[in-house]
Structures are given as C-alpha cells and as structure tokens.
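Enquirer: My questions will all concern the structure given below.
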Amino acid sequence: MLFKYGVSRFSYRSSLFQSRLFSSSMTIQKERVGIIGSGNWGSAVAKIIGENVKKHDGVFEPVVRQWVFEEDYEGKPLTRVINEQHENPKYLPGIRLPDSIVADPDLVTTCEGCSILVFVLPHQFVRGVCDDLQGKVARDVKAISLIKGLEIKPDQVTLFSQEIGRRLHLDQPVAALSGANIADEVAMERFCETTIGCPSQQAGDLFHRLFDTPYFRVNVIRDPVGVELCGALKNVVAVAAGISDGLGYGSNTKAALIRIGLMEMRKFGKSFFGGVEDVTFFESCGVADLITTCAGGRNRRVAEAFAKTGKPIDVLEKELLKGQKLQGTLTALEVHQFLAHRDMVDAFPLFDAVYRVIYEKAPLDTIIRNL
C-alpha cells in the first residue's frame, strides 16, 4: 500500500510568520512551548529552544517547561538538580541550560496551556505519553516530533508524528525534525544542519524561529514522512557500520555499507510511501544524518562493542548508554517482520543482515556476505 504525500521546499530566510492577533484588542497572543523529554538529545534541544524564546520574545512566552522523568541523581530528584544548577548532569553534563527552561516531573502540568509541543523522547514511550495527555491538550496545538523511530508491524508502518496526531486528536499534521545532529556536538554549538518536514507554511516558519540558530541551521521542506523515515531507518544502517568497525573492516567497507544502506532507505520509502521525494534523501535528514550516525552515533558505538565483546545488546545499553535504549536494533526487528509479511526480505539484504546478526546470532560477517 502506498501513502501519497506532497513535497516542496520552503524559504525561511525572511520571516513569513505573523503573530496571532485578537481583532478586538489587537493584543499579541504569544506561543507557549512545552518540551516532552529530557535525555541527551532532549536536553540539547532545550538549550536551543531556551535561547530562541528569548531571542524572539515577541513570539514566544519566556518560560518553557520541560517534562523530566523523575529519577534520583546523587540523592536528589533530577528535576530539582536541573532547576538549581541549570544543567542536566545525568544526560548532558557540563552544558548550561538557559534560565528559561524549567524542569517539571508532571507531564500534564508541563503541557498545560501550550500552543506548541516538542516531542523528543524514545519512541517506545510515545503511546503511553500520548494516552496520558488525551483530552488535556488543545486540538489546535502545533506539535513537532524529534523522535527517530518507527513503529513497524507486519501489516503497517506507523510514523510517530502520525501516531501523536491521531492519539491527541490534533487538527493539523504533526511536523518532524531530523538531521545530522549528534546531541553533544549540538550542545557545544558546533555548526550543523537539520531538516524540518512540515506541510503548513505558517507552522513551518514558526518552527524555524523556534529551532534555527547560527550553529544549528534549519531547512524546512514539505515532506514530513520522508524526514521521519530517514531518521528511523538510518539507525539500522548504523548498526551494520558499528559491526563493521568492530570487525576492523576499515573505511572502504563502511563507505560501501553507507551507500547500500542509503539505497535501501530510499527503496523502502518509495515502495511503501509513494510521495516521498528523492531530494529528501539529500537533505541533512538523509545522507548527512546517515554519515554522522555511522561515524559517531550511539547505534554504531554499541554495535561495535557488540562485535568486539559478544555481550548482549541490553547489557551494553546499560553500560554505554546509562540505561537509554538503542533504536537501531528494535527497528531492524520491526522492519524484518514488515518485509517478511510481504515476502520482500531479499529485496533489502543489508536490513536483513542486521536482523540476522542481532536476533538469529548469525556470524558477524553476514553484514558483508549477505550483500
């Protein structure tokens, strides 16, 4: 089944956004922003958003609440530590967060009265969070997903932007942000680009203001589906790259895996989402993110350790990711089940090889011999 989506490029270098006005009083209604998630990437994003609500103080309210899953940090609640130190020392140590960011352990309180919601949490928690928010957020809220993952079942692919919109009964499609964005490097303000897929020009301009900085350059296109697909599938390729590194195969092999992986990502999008455009794969969310993830992302790092040590993935998650979950291995499983249901596993040999190595204990060099 093909799902049709249009795509075109926006230009946001000149402002198109006009703040909402009440005609009776001409009072500007500022946007209230809430952030859902506070891990490594969520904290880096909070830094950007906290800076930009100050920069665009005529558009955004000055305080941004960030939902933090409450846990202990050195004997204190993590939210208390963040609010006292203006830093998330567990997931983004050494980086100061703007005073405009307020950590909140209560999900509903975080989202109360928000006109913009930023979802930046592991994809396995999306459904539960949305269920807790049902009936508690306005239907006209503008939402954007920074979640790099898909829910793939044998009979369908669920994009988390679509799942968020469906479960919260939102009036407009949820946008998606993805790109070559290693969280620590973004937090240290090392220049990079990102891609936002947003069907609405007005909402796209608003998101551009919320995220764009001199070191975090945003390009907005009208292909949220392609943006989100790239952000999920590249993690499977990164697992293959990490295994290759663990085996000591070198740069030539990794380059070949990246190229083959990009082609399989494109084939998956074209096969099952007919409106996904080729140009999306040349945005930051596509080839740039794939290169970055295969060079230094967590999926590559854990997969390399898996190849070198033979330890189970869940053990390495605890050792290397402080309990955060790996997305590439789960996506590989879901992609395999989806393709097997359609008898198309052989059409995606790299995706199949990653699945077999991780879940069927196939020899590590299957990532090469299967191609």
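Here, A, B, ... name the chains of the structure tokens in the order displayed, residue numbers run from 1 inside each chain, and ligands are numbered from 1 in the same displayed order.
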I want to know what sits within 9 Å of Phe207 in chain A, based on only C-alpha atoms, with residues of the same chain fewer than 3 positions away left out; could you give that as a list in words?
Expert: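 Close residues of Phe207 in chain A: Ile144, Ala175, Ile196, Cys198, Gln202, Ala203, Gly204, Leu210, Phe211, Asp212 and Val220 of chain A.
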Enquirer: Next, dump the selected residues to file, keeping only N, CA, C and O atoms, as a short mmCIF file (atom, residue, chain, number, x, y, z; two decimals), in the first residue's frame.
Expert:
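Once everything was written out, this is selection_6.cif:
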data_model
loop_
_atom_site.label_atom_id
_atom_site.label_comp_id
_atom_site.auth_asym_id
_atom_site.auth_seq_id
_atom_site.Cartn_x
_atom_site.Cartn_y
_atom_site.Cartn_z
N ILE A 144 5.57 19.00 17.02
CA ILE A 144 6.68 18.56 16.18
C ILE A 144 7.37 17.39 16.86
O ILE A 144 7.59 17.40 18.07
N ALA A 175 4.56 17.97 12.61
CA ALA A 175 5.80 18.13 11.85
C ALA A 175 6.87 17.16 12.37
O ALA A 175 6.71 16.52 13.42
N ILE A 196 13.44 20.14 8.85
CA ILE A 196 12.08 20.05 9.39
C ILE A 196 11.13 19.77 8.23
O ILE A 196 11.14 20.48 7.23
N CYS A 198 7.31 19.85 7.29
CA CYS A 198 6.09 20.45 7.81
C CYS A 198 5.18 20.84 6.64
O CYS A 198 5.58 21.65 5.80
N GLN A 202 2.87 28.30 7.51
CA GLN A 202 2.87 29.16 8.70
C GLN A 202 3.49 28.44 9.89
O GLN A 202 4.32 29.01 10.61
N ALA A 203 3.10 27.19 10.12
CA ALA A 203 3.69 26.43 11.22
C ALA A 203 5.17 26.19 10.97
O ALA A 203 5.99 26.23 11.91
N GLY A 204 5.55 25.97 9.71
CA GLY A 204 6.96 25.76 9.40
C GLY A 204 7.80 26.97 9.74
O GLY A 204 8.91 26.84 10.26
N LEU A 210 11.78 28.77 16.21
CA LEU A 210 12.00 28.08 17.48
C LEU A 210 13.32 27.33 17.51
O LEU A 210 13.95 27.21 18.56
N PHE A 211 13.78 26.84 16.35
CA PHE A 211 14.96 25.96 16.33
C PHE A 211 16.19 26.56 15.65
O PHE A 211 17.32 26.16 15.98
N ASP A 212 16.04 27.45 14.72
CA ASP A 212 17.18 27.92 13.93
C ASP A 212 18.11 28.82 14.75
O ASP A 212 17.66 29.74 15.44
N VAL A 220 13.47 23.90 6.04
CA VAL A 220 12.12 23.37 6.15
C VAL A 220 11.62 22.94 4.78
O VAL A 220 11.70 23.69 3.82
#
Enquirer: Near Val45 in chain A, within 9 Å and counting only C-alpha atoms, which residues show up once chain neighbours fewer than 4 positions away are dropped, as a compact mmCIF listing (two decimals) with N, CA, C and O atoms, in the first residue's frame?
Expert:
# COMPACT_ATOMS: atom_id res chain seq x y z
N ILE A 35 8.23 21.10 26.25
CA ILE A 35 9.13 20.06 25.73
C ILE A 35 8.84 18.77 26.47
O ILE A 35 8.83 18.73 27.70
N SER A 38 13.73 14.59 28.08
CA SER A 38 14.86 15.31 28.69
C SER A 38 16.13 14.48 28.71
O SER A 38 16.97 14.63 29.61
N ASN A 40 19.60 13.00 26.48
CA ASN A 40 20.75 13.67 25.89
C ASN A 40 20.31 14.64 24.79
O ASN A 40 20.64 15.84 24.82
N TRP A 41 19.54 14.16 23.83
CA TRP A 41 19.06 15.00 22.73
C TRP A 41 18.02 16.00 23.22
O TRP A 41 18.03 17.17 22.82
N ILE A 49 15.99 25.84 22.28
CA ILE A 49 14.67 26.45 22.44
C ILE A 49 14.71 27.53 23.51
O ILE A 49 14.12 28.62 23.34
N GLY A 50 15.41 27.27 24.60
CA GLY A 50 15.52 28.27 25.66
C GLY A 50 16.17 29.56 25.19
O GLY A 50 15.79 30.66 25.61
N VAL A 120 10.38 14.82 22.16
CA VAL A 120 11.77 14.39 21.98
C VAL A 120 12.10 13.35 23.05
O VAL A 120 12.83 13.59 23.99
N ALA A 183 23.97 14.95 19.59
CA ALA A 183 23.50 15.86 20.64
C ALA A 183 24.63 16.63 21.32
O ALA A 183 24.53 17.85 21.53
N VAL A 186 25.92 19.39 19.10
CA VAL A 186 24.95 20.49 19.00
C VAL A 186 25.02 21.33 20.27
O VAL A 186 25.03 22.57 20.22
N ALA A 187 25.08 20.67 21.42
CA ALA A 187 25.11 21.40 22.70
C ALA A 187 26.37 22.26 22.83
O ALA A 187 26.34 23.32 23.47
N PHE A 211 13.78 26.84 16.35
CA PHE A 211 14.96 25.96 16.33
C PHE A 211 16.19 26.56 15.65
O PHE A 211 17.32 26.16 15.98
Enquirer: Excluding Asp184 in chain A and its own-chain neighbours fewer than 6 positions away, which residues fall within 10 Å of it when counting only C-alpha atoms? Please give them as a PyMOL selection string.
Expert: chain A and resi 40-41+43-44+91-93+95+190
Enquirer: Could you write those residues out with C-alpha atoms, as a compact mmCIF listing (two decimals), in the first residue's frame?
Expert:
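The resulting file, part.txt, is reproduced below:
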# COMPACT_ATOMS: atom_id res chain seq x y z
CA ASN A 40 20.75 13.67 25.89
CA TRP A 41 19.06 15.00 22.73
CA SER A 43 18.50 18.50 26.80
CA ALA A 44 20.46 19.77 23.80
CA TYR A 91 22.32 13.17 30.35
CA LEU A 92 24.14 16.35 29.22
CA PRO A 93 26.84 17.15 31.77
CA ILE A 95 26.29 22.22 29.37
CA ARG A 190 29.44 23.11 16.63
Enquirer: Could you list, as a ChimeraX atom specification, every residue within 6 Å of range 284-293 of chain A, counting only C-alpha atoms and ignoring same-chain residues fewer than 3 positions away?
Expert: /A:178-180,194-195,227,230,234,238,281,296-297
Enquirer: How would the residues just chosen look if you wrote them out with all heavy atoms as a PDB file, in the first residue's frame?
Expert:
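Resulting contents of part_24.pdb:
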ATOM      1  N   SER A 178      14.615  16.146  11.869  1.00  0.00           N
ATOM      2  CA  SER A 178      15.664  15.135  11.887  1.00  0.00           C
ATOM      3  C   SER A 178      16.857  15.660  11.098  1.00  0.00           C
ATOM      4  O   SER A 178      16.695  16.441  10.160  1.00  0.00           O
ATOM      5  CB  SER A 178      15.157  13.822  11.267  1.00  0.00           C
ATOM      6  OG  SER A 178      16.099  12.784  11.413  1.00  0.00           O
ATOM      7  N   GLY A 179      18.044  15.221  11.472  1.00  0.00           N
ATOM      8  CA  GLY A 179      19.226  15.672  10.749  1.00  0.00           C
ATOM      9  C   GLY A 179      20.492  15.075  11.319  1.00  0.00           C
ATOM     10  O   GLY A 179      20.466  14.254  12.236  1.00  0.00           O
ATOM     11  N   ALA A 180      21.614  15.519  10.770  1.00  0.00           N
ATOM     12  CA  ALA A 180      22.930  15.071  11.234  1.00  0.00           C
ATOM     13  C   ALA A 180      23.265  15.837  12.503  1.00  0.00           C
ATOM     14  O   ALA A 180      24.004  16.821  12.476  1.00  0.00           O
ATOM     15  CB  ALA A 180      23.977  15.312  10.152  1.00  0.00           C
ATOM     16  N   THR A 194      19.923  20.832  10.086  1.00  0.00           N
ATOM     17  CA  THR A 194      18.839  19.894  10.355  1.00  0.00           C
ATOM     18  C   THR A 194      17.713  20.160   9.378  1.00  0.00           C
ATOM     19  O   THR A 194      17.694  21.200   8.699  1.00  0.00           O
ATOM     20  CB  THR A 194      18.358  20.011  11.819  1.00  0.00           C
ATOM     21  OG1 THR A 194      17.659  18.814  12.180  1.00  0.00           O
ATOM     22  CG2 THR A 194      17.437  21.216  12.008  1.00  0.00           C
ATOM     23  N   THR A 195      16.785  19.217   9.294  1.00  0.00           N
ATOM     24  CA  THR A 195      15.662  19.337   8.364  1.00  0.00           C
ATOM     25  C   THR A 195      14.356  19.234   9.140  1.00  0.00           C
ATOM     26  O   THR A 195      14.200  18.348   9.981  1.00  0.00           O
ATOM     27  CB  THR A 195      15.689  18.209   7.311  1.00  0.00           C
ATOM     28  OG1 THR A 195      16.996  18.121   6.739  1.00  0.00           O
ATOM     29  CG2 THR A 195      14.672  18.469   6.211  1.00  0.00           C
ATOM     30  N   VAL A 227      11.276  12.842   5.966  1.00  0.00           N
ATOM     31  CA  VAL A 227      12.168  13.232   7.063  1.00  0.00           C
ATOM     32  C   VAL A 227      12.146  12.180   8.168  1.00  0.00           C
ATOM     33  O   VAL A 227      13.193  11.773   8.682  1.00  0.00           O
ATOM     34  CB  VAL A 227      11.743  14.607   7.621  1.00  0.00           C
ATOM     35  CG1 VAL A 227      12.497  14.924   8.916  1.00  0.00           C
ATOM     36  CG2 VAL A 227      11.999  15.699   6.595  1.00  0.00           C
ATOM     37  N   CYS A 230      13.750   8.678   7.143  1.00  0.00           N
ATOM     38  CA  CYS A 230      15.218   8.732   7.172  1.00  0.00           C
ATOM     39  C   CYS A 230      15.740   8.637   8.606  1.00  0.00           C
ATOM     40  O   CYS A 230      16.698   7.910   8.885  1.00  0.00           O
ATOM     41  CB  CYS A 230      15.712  10.025   6.531  1.00  0.00           C
ATOM     42  SG  CYS A 230      15.552  10.097   4.741  1.00  0.00           S
ATOM     43  N   LYS A 234      17.986   5.024   9.222  1.00  0.00           N
ATOM     44  CA  LYS A 234      19.451   5.183   9.256  1.00  0.00           C
ATOM     45  C   LYS A 234      20.054   4.480  10.469  1.00  0.00           C
ATOM     46  O   LYS A 234      21.228   4.083  10.443  1.00  0.00           O
ATOM     47  CB  LYS A 234      19.823   6.668   9.230  1.00  0.00           C
ATOM     48  CG  LYS A 234      19.197   7.512  10.344  1.00  0.00           C
ATOM     49  CD  LYS A 234      20.099   7.701  11.531  1.00  0.00           C
ATOM     50  CE  LYS A 234      19.441   8.559  12.584  1.00  0.00           C
ATOM     51  NZ  LYS A 234      20.315   8.826  13.751  1.00  0.00           N
ATOM     52  N   ALA A 238      23.415   2.140  10.743  1.00  0.00           N
ATOM     53  CA  ALA A 238      24.471   2.446  11.702  1.00  0.00           C
ATOM     54  C   ALA A 238      24.877   1.210  12.502  1.00  0.00           C
ATOM     55  O   ALA A 238      26.046   1.068  12.885  1.00  0.00           O
ATOM     56  CB  ALA A 238      24.022   3.554  12.644  1.00  0.00           C
ATOM     57  N   PHE A 281      16.315  12.680   0.588  1.00  0.00           N
ATOM     58  CA  PHE A 281      17.452  11.845   0.986  1.00  0.00           C
ATOM     59  C   PHE A 281      18.783  12.586   0.855  1.00  0.00           C
ATOM     60  O   PHE A 281      19.809  12.117   1.345  1.00  0.00           O
ATOM     61  CB  PHE A 281      17.468  10.555   0.168  1.00  0.00           C
ATOM     62  CG  PHE A 281      16.288   9.670   0.452  1.00  0.00           C
ATOM     63  CD1 PHE A 281      15.129   9.773  -0.310  1.00  0.00           C
ATOM     64  CD2 PHE A 281      16.307   8.766   1.507  1.00  0.00           C
ATOM     65  CE1 PHE A 281      14.020   8.988  -0.027  1.00  0.00           C
ATOM     66  CE2 PHE A 281      15.212   7.976   1.793  1.00  0.00           C
ATOM     67  CZ  PHE A 281      14.056   8.086   1.025  1.00  0.00           C
ATOM     68  N   GLY A 296      29.644   8.280  14.357  1.00  0.00           N
ATOM     69  CA  GLY A 296      29.793   8.544  15.775  1.00  0.00           C
ATOM     70  C   GLY A 296      28.566   8.405  16.631  1.00  0.00           C
ATOM     71  O   GLY A 296      28.594   8.776  17.800  1.00  0.00           O
ATOM     72  N   GLY A 297      27.464   7.871  16.110  1.00  0.00           N
ATOM     73  CA  GLY A 297      26.245   7.768  16.899  1.00  0.00           C
ATOM     74  C   GLY A 297      26.245   6.600  17.862  1.00  0.00           C
ATOM     75  O   GLY A 297      27.098   5.714  17.818  1.00  0.00           O
TER      76      GLY A 297
END
Enquirer: When you draw a straight line from CA of Pro199 in chain A to CA of Phe273 in chain A, how long is it in Å?
Expert: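 One can read the CA of Pro199 in chain A to CA of Phe273 in chain A distance as 15.7 Å.
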Enquirer: Just want the 10 Å neighbourhood of Ala303 in chain A, counted on only C-alpha atoms, with same-chain residues fewer than 4 positions away dropped. Output as a list of chain:residue names.
Expert: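 Neighbouring residues, sequence-local ones excluded: A:Ala238, A:Val239, A:Ala240, A:Ala241, A:Gly242, A:Ile243, A:Ser244, A:Asp245, A:Gly246, A:Arg298, A:Asn299, A:Ala307, A:Lys308, A:Thr309, A:Gly310, A:Ile313, A:Leu316, A:Leu326, A:Gly328, A:Thr329, A:Ile358.
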Enquirer: Hey, what does DSSP flag as helix (DSSP H, G or I) within range 161-271 of chain A? Can you give it to me as a count of residues only?
Expert: 68
Enquirer: Residues near Gln156 in chain A, anyone? I mean within 12 Å using only C-alpha atoms, not counting same-chain ones fewer than 4 positions away, as an NGL selection string.
Expert: :A and (1-3 or 150-152 or 272-273 or 334-335 or 337-339 or 341-342)
Enquirer: Would you work out the distance separating CA of Ile101 in chain A from CA of Lys322 in chain A, expressed in Å to one decimal?
Expert: 23.2 Å
Enquirer: So which one's closest to His86 in chain A, A:Glu185, A:Asp106, A:Asp99, A:Glu51? Using only C-alpha atoms, please.
Expert: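 Smallest distance to His86 in chain A is found for A:Asp99.
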Enquirer: For each of A:Gln162, A:Asn370, A:Asn52, A:Thr280, take the minimum atom-to-atom distance to Ile260 in chain A, counting only C-alpha atoms, then give the residue where this is smallest.
Expert: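 Under the stated criterion, the closest residue is A:Asn370.
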Enquirer: Can you tell me how far CA of Gly323 in chain A sits from CA of Val225 in chain A, in Å to one decimal?
Expert: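 For CA of Gly323 in chain A relative to CA of Val225 in chain A, the distance reads 29.0 Å.
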Enquirer: From the set A:Asp314, A:Ile367, A:Phe306, A:Val68, which residue has the shortest atom-to-atom contact distance to Tyr249 in chain A, counting only C-alpha atoms?
Expert: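 Once distances to Tyr249 in chain A are computed over only C-alpha atoms, the minimum belongs to A:Ile367.
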Enquirer: Taking into account only C-alpha atoms, which residue in the set A:Glu84, A:Glu74, A:Glu189, A:Glu228 is nearest to Ile147 in chain A?
Expert: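 Checking each candidate against Ile147 in chain A, we get A:Glu228 as the closest.
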Enquirer: With only C-alpha atoms counted and 12 Å as the cut-off, give the residues of range 36-71 of chain A in contact with range 124-135 of chain A, each with its shortest interatomic distance in Å and the pair that gives it, as a Markdown table.
Expert:
| residue | atom | partner | partner_atom | distance |
| --- | --- | --- | --- | --- |
| A:Ile36 | CA | A:Val129 | CA | 8.8 |
| A:Gly37 | CA | A:Phe125 | CA | 10.0 |
| A:Trp67 | CA | A:Val129 | CA | 10.7 |
| A:Phe69 | CA | A:Val129 | CA | 11.0 |
Enquirer: Write a file of the just-selected residues containing all heavy atoms, as a short mmCIF file (atom, residue, chain, number, x, y, z; two decimals), in the first residue's frame.
Expert:
data_model
loop_
_atom_site.label_atom_id
_atom_site.label_comp_id
_atom_site.auth_asym_id
_atom_site.auth_seq_id
_atom_site.Cartn_x
_atom_site.Cartn_y
_atom_site.Cartn_z
N ILE A 36 8.62 17.70 25.72
CA ILE A 36 8.33 16.39 26.31
C ILE A 36 9.53 15.49 26.07
O ILE A 36 9.75 14.99 24.98
CB ILE A 36 7.06 15.79 25.70
CG1 ILE A 36 5.87 16.73 25.92
CG2 ILE A 36 6.77 14.42 26.31
CD1 ILE A 36 4.61 16.30 25.21
N GLY A 37 10.35 15.32 27.11
CA GLY A 37 11.56 14.52 27.01
C GLY A 37 12.77 15.30 27.46
O GLY A 37 12.84 16.52 27.27
N TRP A 67 9.26 18.43 30.43
CA TRP A 67 8.92 17.24 31.23
C TRP A 67 10.15 16.35 31.39
O TRP A 67 10.78 15.95 30.42
CB TRP A 67 7.80 16.44 30.56
CG TRP A 67 7.47 15.21 31.35
CD1 TRP A 67 7.05 15.14 32.65
CD2 TRP A 67 7.56 13.85 30.90
NE1 TRP A 67 6.87 13.84 33.03
CE2 TRP A 67 7.17 13.02 31.97
CE3 TRP A 67 7.93 13.27 29.69
CZ2 TRP A 67 7.14 11.63 31.87
CZ3 TRP A 67 7.90 11.89 29.58
CH2 TRP A 67 7.51 11.08 30.66
N PHE A 69 11.36 12.83 33.26
CA PHE A 69 11.00 11.63 34.02
C PHE A 69 11.80 11.64 35.31
O PHE A 69 13.03 11.61 35.29
CB PHE A 69 11.29 10.38 33.20
CG PHE A 69 10.93 9.10 33.90
CD1 PHE A 69 9.60 8.69 33.96
CD2 PHE A 69 11.89 8.33 34.52
CE1 PHE A 69 9.26 7.52 34.62
CE2 PHE A 69 11.56 7.16 35.19
CZ PHE A 69 10.23 6.75 35.23
#
Enquirer: Pick out the closest residue to Met188 in chain A from this set: A:Tyr215, A:Ile164, A:Lys54, A:Pro122. Count only C-alpha atoms.
Expert: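 Of the candidates, the smallest distance to Met188 in chain A is held by A:Tyr215.
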Enquirer: Using DSSP on the backbone, list every residue of range 114-325 of chain A that comes out as strand (DSSP E or B), and give them as a PyMOL selection string.
Expert: chain A and resi 116-119+142-145+150-153+156-159+175-178+192-197+216-221
Enquirer: Can I get the selection written as a tab-separated table (two decimals), in the first residue's frame, with C-alpha atoms?
Expert:
chain	number	residue	atom	x	y	z
A	116	ILE	CA	3.48	24.28	20.76
A	117	LEU	CA	4.60	20.83	21.93
A	118	VAL	CA	8.03	19.39	21.14
A	119	PHE	CA	8.20	15.59	21.41
A	142	LYS	CA	1.17	22.74	16.90
A	143	ALA	CA	3.33	19.68	17.51
A	144	ILE	CA	6.68	18.56	16.18
A	145	SER	CA	8.33	15.18	16.60
A	150	LEU	CA	9.05	3.97	13.52
A	151	GLU	CA	6.52	1.52	14.84
A	152	ILE	CA	6.51	-1.21	12.25
A	153	LYS	CA	4.06	-4.09	12.44
A	156	GLN	CA	1.55	-1.43	8.62
A	157	VAL	CA	4.17	1.25	9.29
A	158	THR	CA	3.26	3.86	11.89
A	159	LEU	CA	5.10	7.17	11.82
A	175	ALA	CA	5.80	18.13	11.85
A	176	ALA	CA	9.08	16.19	12.04
A	177	LEU	CA	12.67	17.29	12.69
A	178	SER	CA	15.66	15.13	11.89
A	192	CYS	CA	25.42	21.60	11.77
A	193	GLU	CA	22.22	21.48	9.75
A	194	THR	CA	18.84	19.89	10.35
A	195	THR	CA	15.66	19.34	8.36
A	196	ILE	CA	12.08	20.05	9.39
A	197	GLY	CA	9.27	18.45	7.42
A	216	PHE	CA	22.01	24.90	14.16
A	217	ARG	CA	20.84	25.76	10.66
A	218	VAL	CA	17.29	24.69	9.85
A	219	ASN	CA	15.87	23.95	6.41
A	220	VAL	CA	12.12	23.37	6.15
A	221	ILE	CA	10.55	21.18	3.47
